Amino acid sequence: MIEIKNLYKSFGAKSVLSGTTLTIAKGESLAIIGQSGCGKSVLLKHIIGLLKPNAGEVIVEGENIWRLSLERLYEIRQKFGILFQGAALFDSMNVSENISLGLREHTLMSDTEIAARVKDCLAMVGLSGSEDLKPSELSGGMKKRVGLARAIAMKPSYVLYDEPTTGLDPITADTINELIIRLNERLHVTTVVVTHDMVSTYKVADRIVMLHDGKIIYSGTPSEIRETDNPVVRQFIEGRAEGPIKTASTRAT
Amino acid sequence: MKSPVNQATLPHTIARVGHLALDFFNEAGTAAILMFRILAGGKNLWKDRKLFFEQALRQGVRSLPLVMLVGIFTGAVTAWQYNYQLKGYVPLQYLGVSTLKAVVIELGPVLTALIIAGRVSASIAAELGTMRVTEQIDALESMGISPIRFLAVPRFFANLFMMPVLVTLADFIAMMGASFVATVLLGMTAAMFWNQIPTFFEVRDVVAGIIKALVFGAITALMGCHIGFATRGGAEGVGMATIRAFVWSCLLILVMDYVLAMMLF
């Protein structure tokens, strides 16, 4: 279980998270939605300690991650796999080296075992045979899938996705959605998806929370959110420019 | 009566100077902490020897042609200008030993380090800066891999190891260049050029040159890593990081050259 308690985070004068509180149960598939730039990715990075809050706590399986030694924090992080928005593949390594890096660093697996694991991971994401390709030779969708293969290589307990379908065409985006569902079923992981893609949200999530003005303002199932009368949530899920959520252009008029 | 304009800008100027000083000390402190963490990470160097050798090849071996080119011309111009400067004051037979001291103590280490600042420090900053802005460093952290251990330590120690090697080679090539100019263009014999060197040669000079090389190697790698890790702001940020790494490496090389000269001589 992951508990986020009263998190505050600012970058200079800009306040991003203002008392964010959220609990993520073991095994659930949670989607965090919100406007672009509202702090969804910032929240995600707090979960694995990539960002330090100004105040508040992040507790993973009973351990406050900011009270841990660096060594223990790195151990906790091995329970997580994360798919970054741009996949964040290591340019200097090919696909196989990218996926196997964690295995080489943290396990005593032989080269043969590692190669077999890499092959399995690539098969799971539908990219068998691409071991020798470099990231520069991959399309956007392929990069995301290799990023996903890397995220699951260490058999994590939690998989975090930062805008997994952003920048992809609808068909490739749905391929990623199907992968997320399939991995969730096969690996029995806890899934957290940060997204503003409502099609993806309805498909992959058991529960949806919305981040707005630095706080979680809604939590419910996909069918509950469709029936909500919360005007902020309604404006977002219906994709309307007019409403209580002001953008730069609607503020000007 | 003071001008109202002066009264308004003076507090602003003082505040600006204060901010700059705070930024400088903040950055110096961060770089110092990184340095300590890199040195502490040296214990993993054997485990990461593959990474170390890759960096030694990239930073050191591939810099050889440029360093040798710089060395030849450094020696040649030193010999030529010493001939002009010493004429009428110091007999020409001392040209060889004068050139040797200038090259080994100063020109070899400093010019080699400045070349490496441009070639290596800037490229480390660009590479790590790109990794920072594309979240590759976050990806390493999220996999439980220390970016300092995986990225900075091999680069630092590779540069620390290769810089004295490059400087020694540069010194040797420079003396070959000086010898060529002296014998072919200045009419000296080889015996005239080389004979005074054993009399006046001091091991201390070579040791001082090596110490400078080690310090400069540490500076160029540290600046590349520190500025690379701190990069923000996309492609523009990476571009600025490359320039900053080169500029700061050069500045610190020149400052430390003076400090080391005061300490060693």
# chains A, B, ... in the order shown; residues from 1 in each chain; ligands from 1
>>> interface_residues(of="chain A", to="chain B", cutoff="6 Å", atoms="only C-alpha atoms", output="PyMOL selection string")
chain A and resi 74+77-78+88
>>> atom_distance(atom1="atom CA of Glu113 of chain A", atom2="atom CA of Ser100 of chain A")
10.3 Å
>>> closest_residue(among="B:Pro65, B:Gly60, B:Pro109, B:Gly18", to="Asp205 of chain B", atoms="only C-alpha atoms")
B:Pro109
>>> residues_around(residues="Ser200 of chain A", least_positions_apart="6", cutoff="12 Å", atoms="only C-alpha atoms", output="list in words")
Leu30, Ala31, Ile32, Ile33, Tyr161, Glu163, Pro164, Thr165, Thr166, Leu168, Pro170, Ile171, Thr172, Ala173, Asp174, Thr175, Ile176, Asn177, Glu178, Leu179, Ile180, Ile181, Val193, Val194, Asp206, Ile208, Pro222 and Ile237 of chain A
>>> residues_around(residues="Ser63 of chain B", least_positions_apart="6", cutoff="9 Å", atoms="only C-alpha atoms", output="list in words")
Leu57, Ile115, Ile116, Arg119, Val120 and Leu166 of chain B
>>> closest_atom_pairs(of="segment 153-216 of chain A", to="segment 4-21 of chain A", cutoff="9 Å", atoms="only C-alpha atoms", output="Markdown table")
| residue | atom | partner | partner_atom | distance |
| --- | --- | --- | --- | --- |
| A:Leu211 | CA | A:Thr20 | CA | 8.3 |
| A:Asp213 | CA | A:Ser18 | CA | 7.4 |
| A:Gly214 | CA | A:Leu17 | CA | 3.9 |
| A:Lys215 | CA | A:Thr20 | CA | 4.6 |
| A:Ile216 | CA | A:Thr20 | CA | 6.0 |
>>> select_by_dssp(residues="segment 109-219 of chain A", states="helix (DSSP H, G or I)", output="number ranges by chain")
A: 111-124, 135-137, 140-152, 170-187, 198-204
>>> closest_atom_pairs(of="segment 106-202 of chain A", to="segment 34-49 of chain A", cutoff="8 Å", atoms="only C-alpha atoms", output="tab-separated table")
residue	atom	partner	partner_atom	distance
A:Leu160	CA	A:Leu44	CA	7.5
A:Asp162	CA	A:Ser41	CA	6.3
A:Val194	CA	A:Lys40	CA	6.2
A:Thr195	CA	A:Gly34	CA	7.4
A:His196	CA	A:Gly34	CA	6.0
>>> residues_around(residues="segment 235-246 of chain B", least_positions_apart="2", cutoff="9 Å", atoms="only C-alpha atoms", output="VMD selection string")
chain B and resid 114 117 to 130 133 220 223 to 228 230 to 233 248 to 251
>>> residues_around(residues="Ala218 of chain B", least_positions_apart="3", cutoff="9 Å", atoms="only C-alpha atoms", output="NGL selection string")
:B and (35 or 156-157 or 159-160 or 163 or 213-215 or 221-223)
>>> residues_around(residues="segment 38-54 of chain B", least_positions_apart="3", cutoff="7 Å", atoms="only C-alpha atoms", output="PDB file with N, CA and C atoms, in the first residue's frame")
ATOM      1  N   LEU B  34      29.245  16.799  -4.450  1.00  0.00           N
ATOM      2  CA  LEU B  34      29.347  15.823  -5.539  1.00  0.00           C
ATOM      3  C   LEU B  34      30.741  15.208  -5.568  1.00  0.00           C
ATOM      4  N   MET B  35      31.761  16.054  -5.389  1.00  0.00           N
ATOM      5  CA  MET B  35      33.149  15.586  -5.382  1.00  0.00           C
ATOM      6  C   MET B  35      33.364  14.528  -4.304  1.00  0.00           C
ATOM      7  N   LEU B  57      38.809   5.226 -22.697  1.00  0.00           N
ATOM      8  CA  LEU B  57      38.994   5.157 -24.148  1.00  0.00           C
ATOM      9  C   LEU B  57      38.428   6.418 -24.798  1.00  0.00           C
ATOM     10  N   ARG B  58      37.206   6.765 -24.379  1.00  0.00           N
ATOM     11  CA  ARG B  58      36.521   7.880 -25.026  1.00  0.00           C
ATOM     12  C   ARG B  58      37.197   9.214 -24.717  1.00  0.00           C
ATOM     13  N   ILE B 148      25.373   8.863  -9.628  1.00  0.00           N
ATOM     14  CA  ILE B 148      26.749   9.264  -9.320  1.00  0.00           C
ATOM     15  C   ILE B 148      27.684   8.078  -9.546  1.00  0.00           C
ATOM     16  N   ARG B 149      27.275   6.919  -9.019  1.00  0.00           N
ATOM     17  CA  ARG B 149      28.092   5.728  -9.173  1.00  0.00           C
ATOM     18  C   ARG B 149      28.181   5.297 -10.632  1.00  0.00           C
ATOM     19  N   ALA B 152      28.944   9.363 -12.975  1.00  0.00           N
ATOM     20  CA  ALA B 152      29.993  10.319 -12.612  1.00  0.00           C
ATOM     21  C   ALA B 152      31.310   9.643 -12.244  1.00  0.00           C
ATOM     22  N   VAL B 153      31.242   8.590 -11.437  1.00  0.00           N
ATOM     23  CA  VAL B 153      32.480   7.960 -10.948  1.00  0.00           C
ATOM     24  C   VAL B 153      33.361   7.455 -12.100  1.00  0.00           C
ATOM     25  N   PRO B 154      32.820   6.706 -13.076  1.00  0.00           N
ATOM     26  CA  PRO B 154      33.706   6.248 -14.164  1.00  0.00           C
ATOM     27  C   PRO B 154      34.311   7.419 -14.940  1.00  0.00           C
ATOM     28  N   ARG B 155      33.502   8.451 -15.189  1.00  0.00           N
ATOM     29  CA  ARG B 155      34.006   9.596 -15.960  1.00  0.00           C
ATOM     30  C   ARG B 155      35.085  10.347 -15.191  1.00  0.00           C
ATOM     31  N   ALA B 158      38.276   8.110 -14.878  1.00  0.00           N
ATOM     32  CA  ALA B 158      38.904   7.938 -16.190  1.00  0.00           C
ATOM     33  C   ALA B 158      39.687   9.197 -16.556  1.00  0.00           C
TER      34      ALA B 158
END
>>> select_by_dssp(residues="segment 38-241 of chain A", states="strand (DSSP E)", output="VMD selection string")
chain A and resid 55 to 60 63 to 64 80 to 83 158 to 162 190 to 194 207 to 212 215 to 220
>>> write_last_selection(atoms="C-alpha atoms", output="PDB file, in the first residue's frame")
ATOM      1  CA  ALA A  55       5.924  19.147   3.659  1.00  0.00           C
ATOM      2  CA  GLY A  56       4.016  15.903   4.039  1.00  0.00           C
ATOM      3  CA  GLU A  57       4.835  12.233   3.891  1.00  0.00           C
ATOM      4  CA  VAL A  58       4.995   9.405   1.398  1.00  0.00           C
ATOM      5  CA  ILE A  59       4.719   5.995   3.020  1.00  0.00           C
ATOM      6  CA  VAL A  60       5.358   2.860   0.992  1.00  0.00           C
ATOM      7  CA  GLU A  63       8.082   3.002   5.444  1.00  0.00           C
ATOM      8  CA  ASN A  64       8.373   6.773   5.154  1.00  0.00           C
ATOM      9  CA  PHE A  80       8.690  -0.163  -8.653  1.00  0.00           C
ATOM     10  CA  GLY A  81       8.702  -0.073 -12.419  1.00  0.00           C
ATOM     11  CA  ILE A  82       8.027   3.244 -14.049  1.00  0.00           C
ATOM     12  CA  LEU A  83       7.194   4.131 -17.616  1.00  0.00           C
ATOM     13  CA  TYR A 158       4.071  -1.481  -8.474  1.00  0.00           C
ATOM     14  CA  VAL A 159       4.049  -0.115 -11.996  1.00  0.00           C
ATOM     15  CA  LEU A 160       3.716   3.630 -12.490  1.00  0.00           C
ATOM     16  CA  TYR A 161       2.803   5.115 -15.862  1.00  0.00           C
ATOM     17  CA  ASP A 162       3.394   8.777 -16.653  1.00  0.00           C
ATOM     18  CA  THR A 190      -0.509  -2.294  -8.282  1.00  0.00           C
ATOM     19  CA  THR A 191      -0.901   0.129 -11.173  1.00  0.00           C
ATOM     20  CA  VAL A 192      -0.896   3.919 -11.066  1.00  0.00           C
ATOM     21  CA  VAL A 193      -1.554   5.712 -14.342  1.00  0.00           C
ATOM     22  CA  VAL A 194      -1.162   9.468 -14.629  1.00  0.00           C
ATOM     23  CA  ARG A 207     -10.594   3.823  -9.545  1.00  0.00           C
ATOM     24  CA  ILE A 208     -10.102   7.361 -10.786  1.00  0.00           C
ATOM     25  CA  VAL A 209      -8.943  10.362  -8.758  1.00  0.00           C
ATOM     26  CA  MET A 210      -8.749  13.927 -10.005  1.00  0.00           C
ATOM     27  CA  LEU A 211      -6.033  16.383  -9.023  1.00  0.00           C
ATOM     28  CA  HIS A 212      -7.047  20.037  -9.163  1.00  0.00           C
ATOM     29  CA  LYS A 215      -5.524  18.650  -4.066  1.00  0.00           C
ATOM     30  CA  ILE A 216      -7.396  15.420  -4.806  1.00  0.00           C
ATOM     31  CA  ILE A 217     -10.960  16.660  -5.350  1.00  0.00           C
ATOM     32  CA  TYR A 218     -12.615  13.436  -6.479  1.00  0.00           C
ATOM     33  CA  SER A 219     -12.261   9.679  -6.077  1.00  0.00           C
ATOM     34  CA  GLY A 220     -14.546   7.084  -7.636  1.00  0.00           C
TER      35      GLY A 220
END
